[in-house]
$ cat start-v4.cif   # mmCIF, C-alpha atoms
data_my_file
loop_
_atom_site.label_atom_id
_atom_site.label_comp_id
_atom_site.auth_asym_id
_atom_site.auth_seq_id
_atom_site.Cartn_x
_atom_site.Cartn_y
_atom_site.Cartn_z
CA MET J 53 -43.28 40.15 -102.25
CA LYS J 54 -42.54 37.11 -104.31
CA HIS J 55 -44.72 34.90 -102.16
CA ILE J 56 -47.86 36.50 -103.58
CA ILE J 57 -46.76 36.87 -107.17
CA ARG J 58 -43.21 36.45 -108.23
CA GLY J 59 -43.06 40.17 -108.65
CA ALA J 60 -40.77 42.58 -110.35
CA ALA J 61 -37.20 43.25 -109.34
CA VAL J 62 -37.31 46.26 -107.10
CA GLY J 63 -35.44 49.46 -107.05
CA LEU J 64 -34.06 51.06 -110.16
CA VAL J 65 -37.09 52.49 -111.90
CA ALA J 66 -40.82 52.06 -111.72
CA ALA J 67 -40.72 50.10 -114.93
CA LEU J 68 -38.82 47.37 -113.13
CA THR J 69 -41.42 47.05 -110.43
CA LEU J 70 -44.80 47.60 -111.95
CA SER J 71 -44.61 47.23 -115.73
CA ALA J 72 -43.11 44.82 -118.20
CA CYS J 73 -40.38 45.54 -120.68
CA GLY J 74 -40.83 44.78 -124.33
CA GLY J 75 -39.71 41.68 -126.07
CA GLY J 76 -41.70 39.57 -128.41
CA GLY J 77 -45.01 38.72 -126.78
CA GLY J 78 -47.72 36.84 -128.60
CA GLY J 79 -51.30 38.07 -128.84
CA ASP J 80 -52.31 41.66 -128.17
CA ASP J 81 -50.54 43.97 -125.73
CA LYS J 82 -53.29 43.84 -123.13
CA ASN J 83 -53.71 40.09 -123.09
CA PRO J 84 -50.88 37.97 -124.53
CA LEU J 85 -53.06 34.88 -124.13
CA SER J 86 -55.73 36.22 -126.48
CA GLY J 87 -53.80 35.31 -129.62
CA GLY J 88 -54.82 31.66 -129.50
CA GLY J 89 -52.76 28.54 -129.10
CA ALA J 90 -49.47 27.79 -130.79
CA ALA J 91 -49.33 25.83 -134.02
CA LYS J 92 -48.95 22.08 -133.68
CA GLY J 93 -45.37 21.13 -132.96
CA THR J 94 -44.59 24.59 -131.56
CA ILE J 95 -43.62 25.16 -127.92
CA THR J 96 -45.24 28.16 -126.25
CA VAL J 97 -42.83 29.89 -123.88
CA GLY J 98 -44.39 32.29 -121.41
CA GLY J 99 -43.20 35.20 -119.33
CA ALA J 100 -44.83 36.96 -116.37
CA ASN J 101 -45.46 40.68 -115.94
CA PHE J 102 -41.94 41.76 -115.00
CA PRO J 103 -38.69 42.14 -116.91
CA GLU J 104 -36.65 39.35 -115.36
CA SER J 105 -39.27 36.71 -116.12
CA ASN J 106 -39.41 37.81 -119.75
CA LEU J 107 -35.62 37.76 -119.97
CA ILE J 108 -35.51 34.19 -118.69
CA GLY J 109 -38.32 33.28 -121.05
CA GLU J 110 -36.22 34.69 -123.89
CA LEU J 111 -33.26 32.58 -122.75
CA TYR J 112 -35.46 29.49 -122.83
CA ALA J 113 -36.96 30.38 -126.22
CA GLN J 114 -33.62 30.99 -127.92
CA ALA J 115 -32.10 27.86 -126.36
CA LEU J 116 -34.97 25.81 -127.77
CA GLU J 117 -34.68 27.46 -131.17
CA ALA J 118 -30.95 26.72 -131.21
CA LYS J 119 -31.91 23.04 -131.16
CA GLY J 120 -34.18 23.48 -134.15
CA LEU J 121 -37.42 23.57 -132.17
CA LYS J 122 -40.25 25.95 -133.07
CA VAL J 123 -41.24 28.46 -130.40
CA THR J 124 -44.06 30.93 -129.82
CA ARG J 125 -43.42 33.62 -127.22
CA LYS J 126 -46.23 34.85 -124.97
CA PHE J 127 -44.56 37.31 -122.63
CA ASN J 128 -46.00 39.89 -120.23
CA ILE J 129 -48.85 37.52 -119.35
CA GLY J 130 -49.44 38.68 -115.80
CA ALA J 131 -49.24 37.23 -112.34
CA ARG J 132 -48.97 33.60 -111.32
CA GLU J 133 -52.72 33.58 -110.67
CA ILE J 134 -53.16 34.01 -114.42
CA TYR J 135 -50.39 31.93 -115.96
CA TYR J 136 -50.19 28.92 -113.62
CA ASP J 137 -53.50 27.43 -114.75
CA GLN J 138 -52.47 28.01 -118.34
CA VAL J 139 -49.40 25.85 -117.84
CA VAL J 140 -51.45 23.17 -116.08
CA LYS J 141 -53.97 23.13 -118.95
CA GLY J 142 -51.36 23.27 -121.70
CA GLY J 143 -51.95 26.79 -123.01
CA ILE J 144 -48.35 27.54 -122.06
CA GLY J 145 -45.72 24.85 -122.51
CA VAL J 146 -42.72 26.38 -120.72
CA MET J 147 -42.79 29.02 -118.00
CA PRO J 148 -39.90 30.56 -116.05
CA GLU J 149 -40.55 30.03 -112.36
CA TYR J 150 -39.03 30.57 -108.93
CA ASN J 151 -39.38 27.32 -107.08
CA GLY J 152 -40.08 28.57 -103.56
CA ALA J 153 -42.68 31.09 -104.66
CA LEU J 154 -44.36 28.56 -106.94
CA LEU J 155 -44.62 26.13 -104.04
CA THR J 156 -46.04 28.50 -101.45
CA THR J 157 -48.43 30.45 -103.70
CA SER J 158 -49.87 27.82 -106.02
CA VAL J 159 -49.02 24.31 -104.83
CA ASP J 160 -48.81 24.15 -101.02
CA LYS J 161 -49.36 27.37 -99.12
CA THR J 162 -48.55 25.69 -95.79
CA SER J 163 -45.17 24.35 -96.86
CA THR J 164 -42.18 25.08 -94.63
CA ALA J 165 -39.61 23.79 -97.14
CA SER J 166 -36.65 26.15 -97.30
CA THR J 167 -33.69 24.67 -99.17
CA THR J 168 -33.59 24.05 -102.91
CA ASP J 169 -33.75 20.29 -102.44
CA GLU J 170 -36.64 20.51 -99.97
CA VAL J 171 -38.63 22.88 -102.16
CA ASN J 172 -38.15 20.81 -105.31
CA ALA J 173 -39.03 17.59 -103.52
CA ALA J 174 -42.26 19.17 -102.31
CA LEU J 175 -43.07 20.43 -105.80
CA LYS J 176 -42.44 17.06 -107.41
CA ALA J 177 -44.71 15.42 -104.85
CA LYS J 178 -47.59 17.88 -105.11
CA LEU J 179 -47.70 19.41 -108.59
CA PRO J 180 -50.64 18.37 -110.80
CA SER J 181 -49.84 15.36 -112.99
CA SER J 182 -49.85 17.40 -116.20
CA VAL J 183 -46.86 19.52 -115.21
CA GLU J 184 -43.38 19.17 -113.76
CA VAL J 185 -40.39 21.24 -112.78
CA LEU J 186 -37.12 20.63 -114.58
CA ALA J 187 -33.65 21.19 -113.15
CA SER J 188 -33.25 24.31 -111.04
CA ALA J 189 -30.55 26.85 -111.79
CA GLN J 190 -28.10 28.02 -109.17
CA ALA J 191 -29.52 31.46 -109.97
CA GLU J 192 -31.92 32.86 -107.40
CA ASP J 193 -33.88 36.05 -107.03
CA LYS J 194 -35.08 36.18 -103.46
CA ASP J 195 -35.81 38.47 -100.55
CA SER J 196 -32.78 39.58 -98.60
CA VAL J 197 -31.62 41.78 -95.78
CA THR J 198 -29.35 44.23 -97.57
CA VAL J 199 -27.34 46.97 -95.90
CA ASN J 200 -25.45 49.95 -97.20
CA PRO J 201 -21.64 49.69 -97.34
CA GLN J 202 -21.05 52.11 -94.48
CA THR J 203 -23.24 50.05 -92.14
CA ALA J 204 -21.59 46.81 -93.24
CA SER J 205 -18.16 48.28 -92.58
CA LYS J 206 -19.04 49.94 -89.28
CA TYR J 207 -20.48 46.79 -87.70
CA HIS J 208 -18.47 44.18 -89.66
CA LEU J 209 -21.61 42.66 -91.13
CA LYS J 210 -21.51 39.59 -93.37
CA SER J 211 -24.46 37.55 -92.09
CA ILE J 212 -27.91 38.38 -90.80
CA ALA J 213 -26.77 36.80 -87.55
CA ASP J 214 -24.19 39.59 -87.20
CA LEU J 215 -27.05 42.07 -86.82
CA LYS J 216 -28.21 40.76 -83.44
CA PRO J 217 -26.14 43.08 -81.20
CA VAL J 218 -26.76 46.18 -83.35
CA ALA J 219 -30.25 45.81 -84.87
CA ASN J 220 -31.75 48.04 -82.16
CA GLN J 221 -29.66 50.88 -83.57
CA LEU J 222 -30.79 50.42 -87.18
CA THR J 223 -33.82 51.29 -89.29
CA ILE J 224 -34.89 48.71 -91.86
CA GLY J 225 -37.18 49.43 -94.79
CA GLY J 226 -39.27 47.25 -97.05
CA PRO J 227 -42.76 46.52 -98.38
CA SER J 228 -45.43 46.94 -95.70
CA GLU J 229 -46.15 43.18 -95.62
CA PHE J 230 -42.52 42.51 -94.66
CA LYS J 231 -43.44 43.56 -91.12
CA THR J 232 -45.89 40.71 -90.54
CA ARG J 233 -44.47 37.82 -92.56
CA GLN J 234 -42.50 34.81 -91.46
CA GLN J 235 -40.18 35.58 -94.35
CA GLY J 236 -39.83 39.08 -92.96
CA LEU J 237 -39.49 40.73 -89.56
CA VAL J 238 -41.42 37.92 -87.81
CA GLY J 239 -38.96 35.30 -88.97
CA LEU J 240 -35.95 37.54 -88.43
CA LYS J 241 -36.94 37.99 -84.79
CA LYS J 242 -37.85 34.35 -84.23
CA VAL J 243 -34.80 32.86 -85.92
CA TYR J 244 -32.10 35.49 -85.42
CA GLY J 245 -33.45 37.41 -82.41
CA LEU J 246 -33.51 40.73 -84.26
CA ASP J 247 -35.37 43.76 -82.89
CA PHE J 248 -34.81 46.72 -85.18
CA LYS J 249 -35.00 50.29 -83.97
CA LYS J 250 -37.63 51.08 -86.60
CA PHE J 251 -39.36 49.57 -89.60
CA GLN J 252 -40.01 51.97 -92.48
CA PRO J 253 -42.71 50.63 -94.86
CA PHE J 254 -42.69 51.46 -98.56
CA ASP J 255 -45.29 50.86 -101.26
CA ALA J 256 -44.18 48.83 -104.28
CA GLY J 257 -44.03 51.94 -106.44
CA ALA J 258 -41.68 53.66 -104.00
CA GLN J 259 -38.87 51.14 -104.12
CA ALA J 260 -36.56 53.59 -105.89
CA THR J 261 -37.00 55.87 -102.88
CA LEU J 262 -36.18 52.99 -100.55
CA VAL J 263 -32.92 52.34 -102.39
CA LYS J 264 -32.00 56.03 -102.37
CA LEU J 265 -32.62 56.31 -98.62
CA LEU J 266 -30.55 53.19 -98.06
CA ALA J 267 -27.68 54.49 -100.17
CA ASP J 268 -27.86 57.87 -98.39
CA ASP J 269 -27.84 56.14 -94.95
CA LYS J 270 -31.27 57.52 -94.03
CA ILE J 271 -32.12 53.89 -93.40
CA GLN J 272 -29.45 51.27 -92.82
CA ALA J 273 -31.05 48.03 -94.05
CA ALA J 274 -33.75 47.02 -96.50
CA ASP J 275 -35.61 44.07 -97.94
CA LEU J 276 -34.33 43.97 -101.52
CA PHE J 277 -34.51 41.24 -104.11
CA THR J 278 -31.14 39.75 -104.83
CA THR J 279 -31.02 40.47 -108.57
CA ASP J 280 -31.98 44.12 -108.19
CA PRO J 281 -29.33 45.83 -110.35
CA THR J 282 -29.04 48.71 -107.90
CA ILE J 283 -27.32 46.36 -105.45
CA VAL J 284 -24.27 46.36 -107.70
CA GLN J 285 -24.70 49.95 -108.82
CA LYS J 286 -24.82 51.29 -105.26
CA LYS J 287 -22.32 48.75 -103.84
CA LEU J 288 -24.90 47.49 -101.35
CA VAL J 289 -24.18 44.40 -99.24
CA VAL J 290 -26.56 41.41 -99.23
CA LEU J 291 -26.20 39.64 -95.89
CA GLU J 292 -25.94 35.85 -95.85
CA ASP J 293 -28.93 33.95 -94.43
CA PRO J 294 -27.47 30.77 -92.89
CA GLN J 295 -30.73 29.87 -91.10
CA HIS J 296 -32.81 30.15 -94.30
CA VAL J 297 -35.44 32.62 -93.13
CA PHE J 298 -35.86 33.33 -96.84
CA SER J 299 -36.62 30.11 -98.70
CA ALA J 300 -34.92 29.05 -101.91
CA GLN J 301 -36.10 30.93 -104.99
CA ASN J 302 -34.16 29.18 -107.72
CA VAL J 303 -34.96 29.92 -111.34
CA THR J 304 -36.70 26.74 -112.51
CA PRO J 305 -38.58 25.85 -115.70
CA LEU J 306 -42.18 24.80 -115.11
CA VAL J 307 -43.35 22.76 -118.09
CA ASN J 308 -46.45 21.04 -119.34
CA LYS J 309 -45.33 17.47 -119.93
CA SER J 310 -47.19 17.18 -123.23
CA ALA J 311 -45.43 20.26 -124.63
CA VAL J 312 -41.78 19.24 -124.24
CA ASN J 313 -39.89 16.25 -125.57
CA ALA J 314 -36.49 14.94 -124.48
CA GLN J 315 -34.68 17.39 -126.75
CA ALA J 316 -36.54 20.37 -125.32
CA THR J 317 -36.01 19.16 -121.76
CA ALA J 318 -32.28 18.80 -122.38
CA ALA J 319 -32.07 22.32 -123.82
CA LEU J 320 -33.86 23.85 -120.83
CA ASN J 321 -31.79 21.86 -118.34
CA ALA J 322 -28.64 23.07 -120.10
CA VAL J 323 -29.68 26.68 -119.41
CA SER J 324 -30.28 25.86 -115.74
CA ALA J 325 -26.88 24.17 -115.49
CA LYS J 326 -25.12 27.42 -116.48
CA LEU J 327 -27.31 30.22 -115.09
CA THR J 328 -26.01 31.90 -111.93
CA THR J 329 -27.31 34.71 -109.74
CA GLN J 330 -24.41 36.86 -110.92
CA ASP J 331 -25.49 36.22 -114.50
CA LEU J 332 -28.97 37.52 -113.66
CA LEU J 333 -27.50 40.58 -111.99
CA ASP J 334 -25.30 41.30 -114.99
CA MET J 335 -28.08 40.78 -117.51
CA MET J 336 -30.63 42.83 -115.57
CA LYS J 337 -28.11 45.65 -115.32
CA ARG J 338 -27.77 45.64 -119.09
CA ILE J 339 -31.54 45.76 -119.51
CA ALA J 340 -32.41 48.18 -116.69
CA ILE J 341 -29.45 50.54 -116.68
CA ASP J 342 -27.82 50.19 -120.10
CA LYS J 343 -31.19 49.81 -121.89
CA ASP J 344 -30.07 46.87 -124.03
CA ASP J 345 -32.71 44.76 -125.78
CA GLN J 346 -33.52 41.56 -123.91
CA GLU J 347 -33.19 39.52 -127.13
CA LYS J 348 -29.56 40.65 -127.52
CA VAL J 349 -28.80 40.19 -123.83
CA ALA J 350 -30.18 36.65 -123.96
CA LYS J 351 -28.33 35.85 -127.19
CA ASP J 352 -25.02 37.09 -125.78
CA TRP J 353 -25.37 34.96 -122.65
CA LEU J 354 -26.31 31.83 -124.60
CA THR J 355 -23.41 32.34 -127.02
CA LYS J 356 -20.96 32.86 -124.17
CA ASN J 357 -22.12 29.62 -122.57
CA GLY J 358 -22.13 27.56 -125.76
CA LEU J 359 -25.92 27.23 -125.92
CA ALA J 360 -26.72 29.35 -128.99
#

$ encode --input "start-v4.cif" --output "structure tokens"
Amino acid sequence: MKHIIRGAAVGLVAALTLSACGGGGGGDDKNPLSGGGAAKGTITVGGANFPESNLIGELYAQALEAKGLKVTRKFNIGAREIYYDQVVKGGIGVMPEYNGALLTTSVDKTSTASTTDEVNAALKAKLPSSVEVLASAQAEDKDSVTVNPQTASKYHLKSIADLKPVANQLTIGGPSEFKTRQQGLVGLKKVYGLDFKKFQPFDAGAQATLVKLLADDKIQAADLFTTDPTIVQKKLVVLEDPQHVFSAQNVTPLVNKSAVNAQATAALNAVSAKLTTQDLLDMMKRIAIDKDDQEKVAKDWLTKNGLA
């Protein structure tokens, strides 16, 4: 779940859930932070231990380079527990983040902020003085209740609220912790009044099985992350969440203030201004399914949006 570490996009292959894809990390393969600090005047751009974070890091790095700024990449760093302190201390200058997960895992674990504006206001009020969040993208990668197309059609489902009269006929699958979390079955029952027929837990490494069972109608609903490329591939339906059980998870640059100047800030904000959830879906499909290099995928997106 992204509220522990902003984890890998689930579903397609194990490499998307548990390992990182390649793409220009600094330092050695086991510890990207072991290579030492960046040269003076160079911005260190980080990436966590999952493909989407490294892709976004590559977008940031190339956008900065397009403005003539020098960049060092340190991708595949690890979980937020590792990289967050590095940003606070200045070892990493720019880090792709997901605002809601950053807030509830590292800044204020008791926060109930749910919307983008609420989450960002809480971050700006409570982040250490050495760091700040820049503009959030429209793009999100968040937990969802996703159903297969036959279930959506049979019960005319568009919103999670539409599940209330039929949830007791459906099996929902997801990570085991989904059963006991507010942003899980607890919140779905409290906010939407949902009592599912059955909850089928899956370990993180079995997410491909979860997606297959969902597509085959062995289960009818699942907790999937919204940029999982199998959503498009399998024509799955992500249900709207009008009551915000799942908090905002906008892609947002976390920066060390001493590492970025006005030019760098403008370049990063320009990426956020253009990046959509559909863009993430399309790019992750290219990386996960088509096996394109993340450097090329990032370059193509930046060129298309006039940022390269």

$ resolve_selection --input "start-v4.cif" --expression "the PyMOL selection byres ((chain J and resi 332-335) around 9)" --output "list in words"
Glu104, Leu107, Ile108, Ala191, Glu192, Asp193, Thr278, Thr279, Asp280, Pro281, Ile283, Val284, Leu327, Thr328, Thr329, Gln330, Asp331, Met336, Lys337, Arg338, Ile339, Ala340, Gln346, Val349, Ala350 and Trp353 of chain J

$ resolve_selection --input "start-v4.cif" --expression "the PyMOL selection byres ((chain J and resi 198) around 12)" --output "NGL selection string"
:J and (194-197 or 199-204 or 209-212 or 215 or 223-226 or 262-263 or 266-267 or 271-280 or 282-284 or 286-293)

$ closest_residue --input "start-v4.cif" --among "J:Ile95, J:Met147, J:Ala100, J:Ala300" --to "Glu170 in chain J" --atoms "only C-alpha atoms"
J:Ala300

$ closest_residue --input "start-v4.cif" --among "J:Leu237, J:Ala325, J:Ala213, J:Leu175" --to "Gln252 in chain J" --atoms "only C-alpha atoms"
J:Leu237

$ atom_distance --input "start-v4.cif" --atom1 "CA of Glu184 in chain J" --atom2 "CA of Glu133 in chain J"
17.4 Å

$ closest_residue --input "start-v4.cif" --among "J:Val97, J:Val183, J:Val140, J:Ala113" --to "Asn128 in chain J" --atoms "all atoms listed in the file"
J:Val97

$ resolve_selection --input "start-v4.cif" --expression "the PyMOL selection byres ((chain J and resi 360) around 12)" --output "list in words"
Leu111, Tyr112, Ala113, Gln114, Ala115, Leu116, Glu117, Ala118, Lys119, Gly120, Ala319, Ala322, Val323, Lys348, Ala350, Lys351, Asp352, Trp353, Leu354, Thr355, Lys356, Asn357, Gly358 and Leu359 of chain J

$ residues_around --input "start-v4.cif" --residues "Pro305 in chain J" --least-positions-apart "4" --cutoff "10 Å" --atoms "all atoms listed in the file" --output "list in words"
Ile108, Gly109, Tyr112, Gly145, Val146, Met147, Pro148, Glu149, Tyr150, Asn151, Glu184, Val185, Leu186, Ala187, Ser188, Ala189, Thr317, Leu320, Asn321, Val323 and Ser324 of chain J

$ write_last_selection --input "start-v4.cif" --atoms "C-alpha atoms" --output "PDB file, in the coordinates of the input"
ATOM      1  CA  ILE J 108     -35.510  34.190-118.690  1.00  0.00           C
ATOM      2  CA  GLY J 109     -38.320  33.280-121.050  1.00  0.00           C
ATOM      3  CA  TYR J 112     -35.460  29.490-122.830  1.00  0.00           C
ATOM      4  CA  GLY J 145     -45.720  24.850-122.510  1.00  0.00           C
ATOM      5  CA  VAL J 146     -42.720  26.380-120.720  1.00  0.00           C
ATOM      6  CA  MET J 147     -42.790  29.020-118.000  1.00  0.00           C
ATOM      7  CA  PRO J 148     -39.900  30.560-116.050  1.00  0.00           C
ATOM      8  CA  GLU J 149     -40.550  30.030-112.360  1.00  0.00           C
ATOM      9  CA  TYR J 150     -39.030  30.570-108.930  1.00  0.00           C
ATOM     10  CA  ASN J 151     -39.380  27.320-107.080  1.00  0.00           C
ATOM     11  CA  GLU J 184     -43.380  19.170-113.760  1.00  0.00           C
ATOM     12  CA  VAL J 185     -40.390  21.240-112.780  1.00  0.00           C
ATOM     13  CA  LEU J 186     -37.120  20.630-114.580  1.00  0.00           C
ATOM     14  CA  ALA J 187     -33.650  21.190-113.150  1.00  0.00           C
ATOM     15  CA  SER J 188     -33.250  24.310-111.040  1.00  0.00           C
ATOM     16  CA  ALA J 189     -30.550  26.850-111.790  1.00  0.00           C
ATOM     17  CA  THR J 317     -36.010  19.160-121.760  1.00  0.00           C
ATOM     18  CA  LEU J 320     -33.860  23.850-120.830  1.00  0.00           C
ATOM     19  CA  ASN J 321     -31.790  21.860-118.340  1.00  0.00           C
ATOM     20  CA  VAL J 323     -29.680  26.680-119.410  1.00  0.00           C
ATOM     21  CA  SER J 324     -30.280  25.860-115.740  1.00  0.00           C
TER      22      SER J 324
END

$ atom_distance --input "start-v4.cif" --atom1 "CA of Val139 in chain J" --atom2 "CA of Val307 in chain J"
6.8 Å

$ atom_distance --input "start-v4.cif" --atom1 "CA of Pro294 in chain J" --atom2 "CA of Asp269 in chain J"
25.5 Å

$ closest_residue --input "start-v4.cif" --among "J:Lys250, J:Lys343, J:Lys178, J:Lys309" --to "Lys161 in chain J" --atoms "all atoms listed in the file"
J:Lys178

$ residues_around --input "start-v4.cif" --residues "Gln221 in chain J" --least-positions-apart "4" --cutoff "9 Å" --atoms "only C-alpha atoms" --output "list in words"
Pro217, Phe248, Lys249 and Lys250 of chain J

$ closest_residue --input "start-v4.cif" --among "J:Ser299, J:Thr261, J:Gln285, J:Ser182" --to "Gly239 in chain J" --atoms "all atoms listed in the file"
J:Ser299
